[in-house]
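Structure file structure39.txt; described as compact mmCIF, C-alpha atoms.
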```txt
# COMPACT_ATOMS: atom_id res chain seq x y z
CA MET N 1 -41.86 -62.42 38.79
CA PRO N 2 -39.87 -64.95 36.65
CA ARG N 3 -37.46 -67.18 38.52
CA ILE N 4 -34.11 -65.47 38.93
CA GLN N 5 -31.44 -67.15 36.81
CA ALA N 6 -28.56 -64.95 37.90
CA ALA N 7 -26.28 -64.48 40.89
CA SER N 8 -28.23 -61.48 42.15
CA VAL N 9 -31.43 -59.54 41.63
CA ALA N 10 -29.41 -56.73 40.02
CA GLU N 11 -27.82 -59.12 37.53
CA HIS N 12 -31.20 -60.68 36.82
CA ARG N 13 -32.73 -57.29 36.08
CA SER N 14 -29.80 -56.43 33.81
CA LEU N 15 -30.30 -59.66 31.88
CA GLN N 16 -34.04 -59.09 31.58
CA ARG N 17 -33.49 -55.54 30.40
CA GLY N 18 -31.03 -56.78 27.79
CA ALA N 19 -33.54 -59.39 26.64
CA LEU N 20 -36.20 -56.71 26.25
CA LEU N 21 -33.85 -54.58 24.15
CA ASP N 22 -32.99 -57.58 21.96
CA ALA N 23 -36.71 -58.22 21.50
CA ALA N 24 -37.25 -54.57 20.62
CA ARG N 25 -34.52 -54.76 17.96
CA SER N 26 -36.13 -57.83 16.44
CA LEU N 27 -39.57 -56.26 16.38
CA LEU N 28 -38.26 -53.06 14.78
CA SER N 29 -36.28 -55.02 12.20
CA GLU N 30 -39.22 -57.24 11.29
CA GLY N 31 -42.13 -54.81 11.36
CA GLY N 32 -40.87 -51.26 11.77
CA ALA N 33 -41.96 -48.77 14.41
CA SER N 34 -45.56 -50.00 14.60
CA ALA N 35 -44.39 -53.48 15.68
CA LEU N 36 -42.75 -52.17 18.85
CA THR N 37 -45.47 -52.56 21.47
CA PHE N 38 -45.43 -53.68 25.09
CA PRO N 39 -47.66 -56.72 24.41
CA ALA N 40 -45.21 -57.78 21.68
CA LEU N 41 -42.23 -57.25 23.99
CA ALA N 42 -43.95 -59.32 26.69
CA ALA N 43 -44.68 -62.13 24.23
CA ARG N 44 -41.10 -62.19 22.91
CA THR N 45 -39.52 -62.34 26.37
CA GLY N 46 -42.07 -64.41 28.26
CA LEU N 47 -42.75 -61.58 30.69
CA ALA N 48 -46.13 -60.31 31.78
CA ARG N 49 -46.98 -56.96 30.22
CA SER N 50 -47.02 -55.40 33.70
CA SER N 51 -43.46 -56.68 34.21
CA VAL N 52 -42.26 -54.89 31.08
CA TYR N 53 -43.33 -51.62 32.70
CA GLU N 54 -40.94 -52.37 35.58
CA TYR N 55 -38.06 -51.91 33.13
CA PHE N 56 -39.40 -49.24 30.75
CA ARG N 57 -42.12 -46.72 31.54
CA SER N 58 -43.07 -46.21 27.90
CA ARG N 59 -42.25 -47.17 24.33
CA GLY N 60 -40.26 -43.95 24.11
CA ALA N 61 -38.08 -45.14 27.00
CA VAL N 62 -37.33 -48.36 25.09
CA VAL N 63 -36.33 -46.36 22.02
CA GLU N 64 -34.20 -44.03 24.14
CA ALA N 65 -32.34 -47.02 25.60
CA LEU N 66 -31.77 -48.49 22.14
CA CYS N 67 -30.42 -45.15 20.92
CA ALA N 68 -27.98 -45.01 23.81
CA VAL N 69 -26.60 -48.45 22.96
CA ASP N 70 -26.93 -48.88 19.20
CA PHE N 71 -26.23 -45.48 17.67
CA PRO N 72 -22.72 -45.16 19.15
CA LEU N 73 -21.89 -48.56 17.60
CA TRP N 74 -23.24 -47.41 14.22
CA ALA N 75 -21.25 -44.18 14.46
CA ALA N 76 -18.08 -46.07 15.43
CA GLU N 77 -18.28 -48.24 12.29
CA VAL N 78 -18.72 -45.20 10.06
CA GLU N 79 -15.92 -43.37 11.85
CA ALA N 80 -13.58 -46.33 11.34
CA ALA N 81 -14.35 -46.37 7.61
CA VAL N 82 -13.71 -42.62 7.32
CA ALA N 83 -10.50 -42.81 9.36
CA ALA N 84 -9.15 -45.55 7.07
CA ALA N 85 -9.53 -43.35 3.97
CA ASP N 86 -6.44 -41.60 2.60
CA SER N 87 -7.77 -38.24 1.40
CA PRO N 88 -10.69 -35.87 1.99
CA ARG N 89 -12.45 -37.13 -1.15
CA GLU N 90 -11.95 -40.74 -0.09
CA GLN N 91 -13.22 -39.86 3.39
CA VAL N 92 -16.43 -38.36 2.02
CA ALA N 93 -16.92 -41.42 -0.18
CA ALA N 94 -16.32 -43.72 2.80
CA TYR N 95 -18.82 -41.73 4.90
CA VAL N 96 -21.53 -42.22 2.29
CA ARG N 97 -20.76 -45.85 1.52
CA ALA N 98 -20.43 -46.96 5.14
CA GLN N 99 -23.82 -45.59 6.12
CA LEU N 100 -25.53 -47.15 3.11
CA ALA N 101 -23.88 -50.50 3.79
CA LEU N 102 -24.99 -50.43 7.42
CA ALA N 103 -28.54 -49.41 6.52
CA CYS N 104 -28.86 -52.28 4.04
CA ASP N 105 -27.47 -54.82 6.53
CA ALA N 106 -30.30 -56.68 8.29
CA ARG N 107 -28.36 -56.53 11.55
CA HIS N 108 -28.85 -52.76 11.63
CA ARG N 109 -32.48 -52.55 10.51
CA ALA N 110 -33.57 -51.55 14.02
CA VAL N 111 -31.38 -48.44 13.83
CA VAL N 112 -32.94 -47.54 10.48
CA ALA N 113 -36.43 -48.07 11.87
CA ILE N 114 -35.66 -45.85 14.86
CA SER N 115 -34.35 -43.12 12.56
CA ALA N 116 -37.72 -43.08 10.78
CA MET N 117 -39.72 -42.73 14.01
CA GLU N 118 -41.09 -39.63 15.65
CA LEU N 119 -38.68 -39.47 18.57
CA ASP N 120 -38.90 -37.60 21.83
CA THR N 121 -36.27 -35.08 22.86
CA ALA N 122 -34.29 -37.52 25.01
CA ALA N 123 -33.92 -40.04 22.19
CA ARG N 124 -32.94 -37.37 19.68
CA GLU N 125 -30.33 -36.02 22.08
CA LYS N 126 -28.77 -39.48 22.40
CA ILE N 127 -28.61 -39.84 18.62
CA LYS N 128 -27.13 -36.36 18.35
CA ALA N 129 -24.48 -37.19 20.96
CA ALA N 130 -23.58 -40.43 19.19
CA HIS N 131 -23.16 -38.67 15.87
CA GLY N 132 -21.38 -35.62 17.28
CA GLY N 133 -17.84 -36.89 16.81
CA LEU N 134 -18.69 -38.36 13.42
CA PHE N 135 -20.16 -35.06 12.28
CA GLU N 136 -16.99 -33.23 13.29
CA LEU N 137 -14.89 -35.85 11.51
CA ILE N 138 -16.66 -35.43 8.17
CA ALA N 139 -16.73 -31.66 8.62
CA GLU N 140 -12.94 -31.78 8.83
CA ALA N 141 -12.83 -33.75 5.56
CA LEU N 142 -15.10 -31.17 3.93
CA ARG N 143 -12.85 -28.42 5.22
CA GLY N 144 -10.00 -30.23 3.51
CA LEU N 145 -11.96 -30.03 0.25
CA GLY N 146 -12.14 -26.26 0.61
CA HIS N 147 -15.56 -25.72 2.17
CA THR N 148 -15.65 -22.50 4.17
CA ASP N 149 -18.76 -23.61 6.07
CA PRO N 150 -18.04 -27.31 6.59
CA ARG N 151 -20.74 -27.86 9.21
CA SER N 152 -23.47 -26.70 6.85
CA ALA N 153 -21.92 -28.81 4.10
CA ALA N 154 -21.89 -31.81 6.46
CA ALA N 155 -25.59 -31.35 7.21
CA LEU N 156 -26.40 -31.24 3.48
CA LEU N 157 -24.18 -34.26 2.85
CA GLN N 158 -26.13 -36.19 5.46
CA GLY N 159 -29.30 -35.27 3.61
CA VAL N 160 -27.91 -36.96 0.50
CA VAL N 161 -27.06 -40.05 2.56
CA ASP N 162 -30.51 -40.20 4.16
CA ALA N 163 -32.24 -39.90 0.78
CA ALA N 164 -30.01 -42.64 -0.65
CA VAL N 165 -30.80 -44.92 2.29
CA ARG N 166 -34.54 -44.45 1.82
CA ARG N 167 -34.26 -45.20 -1.89
CA ALA N 168 -32.13 -48.29 -1.35
CA LEU N 169 -34.45 -49.72 1.31
CA ALA N 170 -37.47 -49.07 -0.91
CA GLY N 171 -35.88 -51.22 -3.61
CA PHE N 172 -35.92 -48.57 -6.32
CA ALA N 173 -32.53 -49.66 -7.65
CA ASP N 174 -29.55 -51.81 -6.81
CA PRO N 175 -27.99 -50.53 -3.55
CA ALA N 176 -24.52 -50.52 -5.14
CA GLU N 177 -25.75 -48.26 -7.95
CA ILE N 178 -27.48 -45.96 -5.48
CA ALA N 179 -24.30 -45.78 -3.40
CA ALA N 180 -22.20 -44.92 -6.48
CA THR N 181 -24.60 -42.14 -7.50
CA ALA N 182 -24.75 -40.79 -3.96
CA VAL N 183 -20.95 -40.67 -3.80
CA ARG N 184 -20.78 -38.80 -7.11
CA ILE N 185 -23.39 -36.28 -5.97
CA ALA N 186 -21.60 -35.85 -2.65
CA LEU N 187 -18.27 -35.21 -4.35
CA ASP N 188 -19.18 -33.43 -7.57
CA GLY N 189 -22.81 -32.32 -7.35
CA VAL N 190 -25.73 -33.34 -9.51
CA ALA N 191 -23.98 -32.20 -12.70
CA GLY N 192 -21.13 -34.55 -11.91
CA ALA N 193 -23.31 -37.55 -11.07
CA VAL N 194 -22.61 -39.42 -14.29
CA PRO N 195 -21.07 -42.89 -14.66
CA GLY N 196 -17.35 -43.10 -14.11
CA PRO N 197 -14.80 -44.16 -11.50
CA VAL N 198 -15.55 -43.07 -7.95
CA PRO N 199 -13.57 -43.65 -4.74
CA GLY N 200 -14.11 -47.06 -3.25
CA GLU N 201 -15.09 -48.83 -6.47
CA ARG N 202 -13.02 -51.28 -8.51
CA HIS N 203 -13.33 -51.13 -12.28
CA ALA N 204 -12.20 -53.12 -15.25
CA VAL N 205 -8.64 -52.45 -16.35
CA ASP N 206 -7.45 -53.14 -19.91
CA GLY N 207 -10.54 -55.20 -20.63
CA GLN N 208 -10.24 -57.33 -17.48
CA GLU N 209 -13.13 -57.70 -15.06
CA PRO N 210 -12.83 -56.17 -11.56
CA GLY N 211 -10.96 -58.50 -9.29
CA GLY N 212 -8.99 -60.05 -12.15
CA ALA N 213 -5.22 -60.17 -12.46
CA GLY N 214 -5.03 -56.56 -13.53
CA ALA N 215 -7.41 -55.23 -10.84
```
Just give me the structure as structure tokens.
Amino acid sequence: MPRIQAASVAEHRSLQRGALLDAARSLLSEGGASALTFPALAARTGLARSSVYEYFRSRGAVVEALCAVDFPLWAAEVEAAVAAADSPREQVAAYVRAQLALACDARHRAVVAISAMELDTAAREKIKAAHGGLFELIAEALRGLGHTDPRSAAALLQGVVDAAVRRALAGFADPAEIAATAVRIALDGVAGAVPGPVPGERHAVDGQEPGGAGA
């Protein structure tokens, strides 16, 4: 057992568990789901592989722990973006843009990698719980737009977001362009997904570039 560098055994175990979760995030961010193995976790933390099993019984348990910690933080950032918007349309736009921004941020790549994994029931339940309040929040915005079945609309909206995230991460187009198209589809459908102003974007005014004196 590594030398204890904490005031108590309990604190030491908490620190070691946190180190293992940090290592798991790095592995997922760098190599995706296949990179998350117990030998790799042991190598990253300096623990024996048998010691890793003292903290997590399986790879699924590691993922479940990450879901419990990381997905509520992801959801909180999206919720804050939605709450700051002034109208239902702006809220829907913020919901789409915030998730795309988070997915394209290297700091959140582990969350994206987890989302692409085959997860066990416990992990999926933790993700579901983390997104529960967020789902209700966007459903309320959709209700404000006149949807009579806002929960179904919210589920379909999330499908648009997920597809946009996959396309952005695959490098098919500029993430900003993908986000703009996704917002247009979310707000106006495929027929409305043509270039033009959308909530959250700044455009040229009277021939001036965005961010200029007239922006």
From the list N:Ile138, N:Ala10, N:Ile185, N:Val160, the nearest residue to Ser87 in chain N using all atoms listed in the file is N:Ile138
Long-range neighbours of Leu41 in chain N as an mmCIF file with C-alpha atoms, in the frame of the given file, 12 Å cut-off, all atoms listed in the file, 5 positions minimum in chain:
```cif
data_model
loop_
_atom_site.group_PDB
_atom_site.id
_atom_site.type_symbol
_atom_site.label_atom_id
_atom_site.label_comp_id
_atom_site.auth_asym_id
_atom_site.auth_seq_id
_atom_site.Cartn_x
_atom_site.Cartn_y
_atom_site.Cartn_z
ATOM 1 C CA GLN N 16 -34.040 -59.090 31.580
ATOM 2 C CA ARG N 17 -33.490 -55.540 30.400
ATOM 3 C CA GLY N 18 -31.030 -56.780 27.790
ATOM 4 C CA ALA N 19 -33.540 -59.390 26.640
ATOM 5 C CA LEU N 20 -36.200 -56.710 26.250
ATOM 6 C CA LEU N 21 -33.850 -54.580 24.150
ATOM 7 C CA ASP N 22 -32.990 -57.580 21.960
ATOM 8 C CA ALA N 23 -36.710 -58.220 21.500
ATOM 9 C CA ALA N 24 -37.250 -54.570 20.620
ATOM 10 C CA ARG N 25 -34.520 -54.760 17.960
ATOM 11 C CA SER N 26 -36.130 -57.830 16.440
ATOM 12 C CA LEU N 27 -39.570 -56.260 16.380
ATOM 13 C CA LEU N 28 -38.260 -53.060 14.780
ATOM 14 C CA ALA N 35 -44.390 -53.480 15.680
ATOM 15 C CA LEU N 36 -42.750 -52.170 18.850
ATOM 16 C CA GLY N 46 -42.070 -64.410 28.260
ATOM 17 C CA LEU N 47 -42.750 -61.580 30.690
ATOM 18 C CA ALA N 48 -46.130 -60.310 31.780
ATOM 19 C CA ARG N 49 -46.980 -56.960 30.220
ATOM 20 C CA SER N 50 -47.020 -55.400 33.700
ATOM 21 C CA SER N 51 -43.460 -56.680 34.210
ATOM 22 C CA VAL N 52 -42.260 -54.890 31.080
ATOM 23 C CA TYR N 53 -43.330 -51.620 32.700
ATOM 24 C CA TYR N 55 -38.060 -51.910 33.130
ATOM 25 C CA PHE N 56 -39.400 -49.240 30.750
ATOM 26 C CA SER N 58 -43.070 -46.210 27.900
ATOM 27 C CA ARG N 59 -42.250 -47.170 24.330
ATOM 28 C CA VAL N 62 -37.330 -48.360 25.090
#
```
Set the distance at 8 Å and use all atoms listed in the file: which residues neighbour Ala164 in chain N once local chain neighbours fewer than 2 positions away are removed? I'd like the list as a PDB file with C-alpha atoms, keeping the file's coordinate frame.
```pdb
ATOM      1  CA  LEU N 100     -25.530 -47.150   3.110  1.00  0.00           C
ATOM      2  CA  VAL N 160     -27.910 -36.960   0.500  1.00  0.00           C
ATOM      3  CA  VAL N 161     -27.060 -40.050   2.560  1.00  0.00           C
ATOM      4  CA  ASP N 162     -30.510 -40.200   4.160  1.00  0.00           C
ATOM      5  CA  ARG N 166     -34.540 -44.450   1.820  1.00  0.00           C
ATOM      6  CA  ARG N 167     -34.260 -45.200  -1.890  1.00  0.00           C
ATOM      7  CA  ALA N 168     -32.130 -48.290  -1.350  1.00  0.00           C
ATOM      8  CA  ILE N 178     -27.480 -45.960  -5.480  1.00  0.00           C
ATOM      9  CA  ALA N 179     -24.300 -45.780  -3.400  1.00  0.00           C
ATOM     10  CA  ALA N 182     -24.750 -40.790  -3.960  1.00  0.00           C
TER      11      ALA N 182
END
```
Distance criterion (all atoms listed in the file): nearest to Glu125 in chain N out of N:Ser14, N:Glu30, N:Arg184, N:Phe71 = N:Phe71
From the set N:Thr37, N:Gln99, N:Thr121, N:Thr181, which residue has the shortest atom-to-atom contact distance to Glu64 in chain N, counting only C-alpha atoms?
->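 Checking each of N:Thr37, N:Gln99, N:Thr121, N:Thr181 against Glu64 in chain N, counting only C-alpha atoms, the winner is N:Thr121.
Remark: for Arg89 in chain N, the closest of the candidate residues N:Ala123, N:Ile114, N:Leu145, N:Leu169 is N:Leu145 (distances computed over only C-alpha atoms).
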Please, which residues are within 12 Å of (-25.3, -31.8, 5.1) by the file's coordinates, counting all atoms listed in the file, and could they come as a PyMOL selection string?
-> chain N and resi 92+95-96+135-136+138-139+142+147+149-163+186
Show me as JSON, numbers by chain the residues that reach within 12 Å of (-32.4, -46.2, 18.0), counting all atoms listed in the file and using the file's own coordinates.
-> {"N": [21, 24, 25, 28, 29, 32, 33, 36, 59, 60, 61, 62, 63, 64, 65, 66, 67, 68, 69, 70, 71, 72, 73, 74, 75, 108, 109, 110, 111, 112, 113, 114, 115, 116, 117, 118, 119, 120, 122, 123, 124, 125, 126, 127, 128, 130]}
What separation in Å, quoted to one decimal, exists between CA of Gly132 in chain N and CA of Ala76 in chain N?
->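 Here the two named atoms are 11.1 Å from each other.
Going from CA of Gly144 in chain N to CA of Asp188 in chain N covers 14.7 Å.
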Which residue, N:Gly171, N:Asp86, N:Gly146, N:Cys104, has the smallest gap to Gly200 in chain N when you use all atoms listed in the file?
->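 Of all the options, N:Asp86 lies closest to Gly200 in chain N.
For the pair CA of Phe172 in chain N and CA of Asp105 in chain N, the interatomic distance is 16.6 Å.
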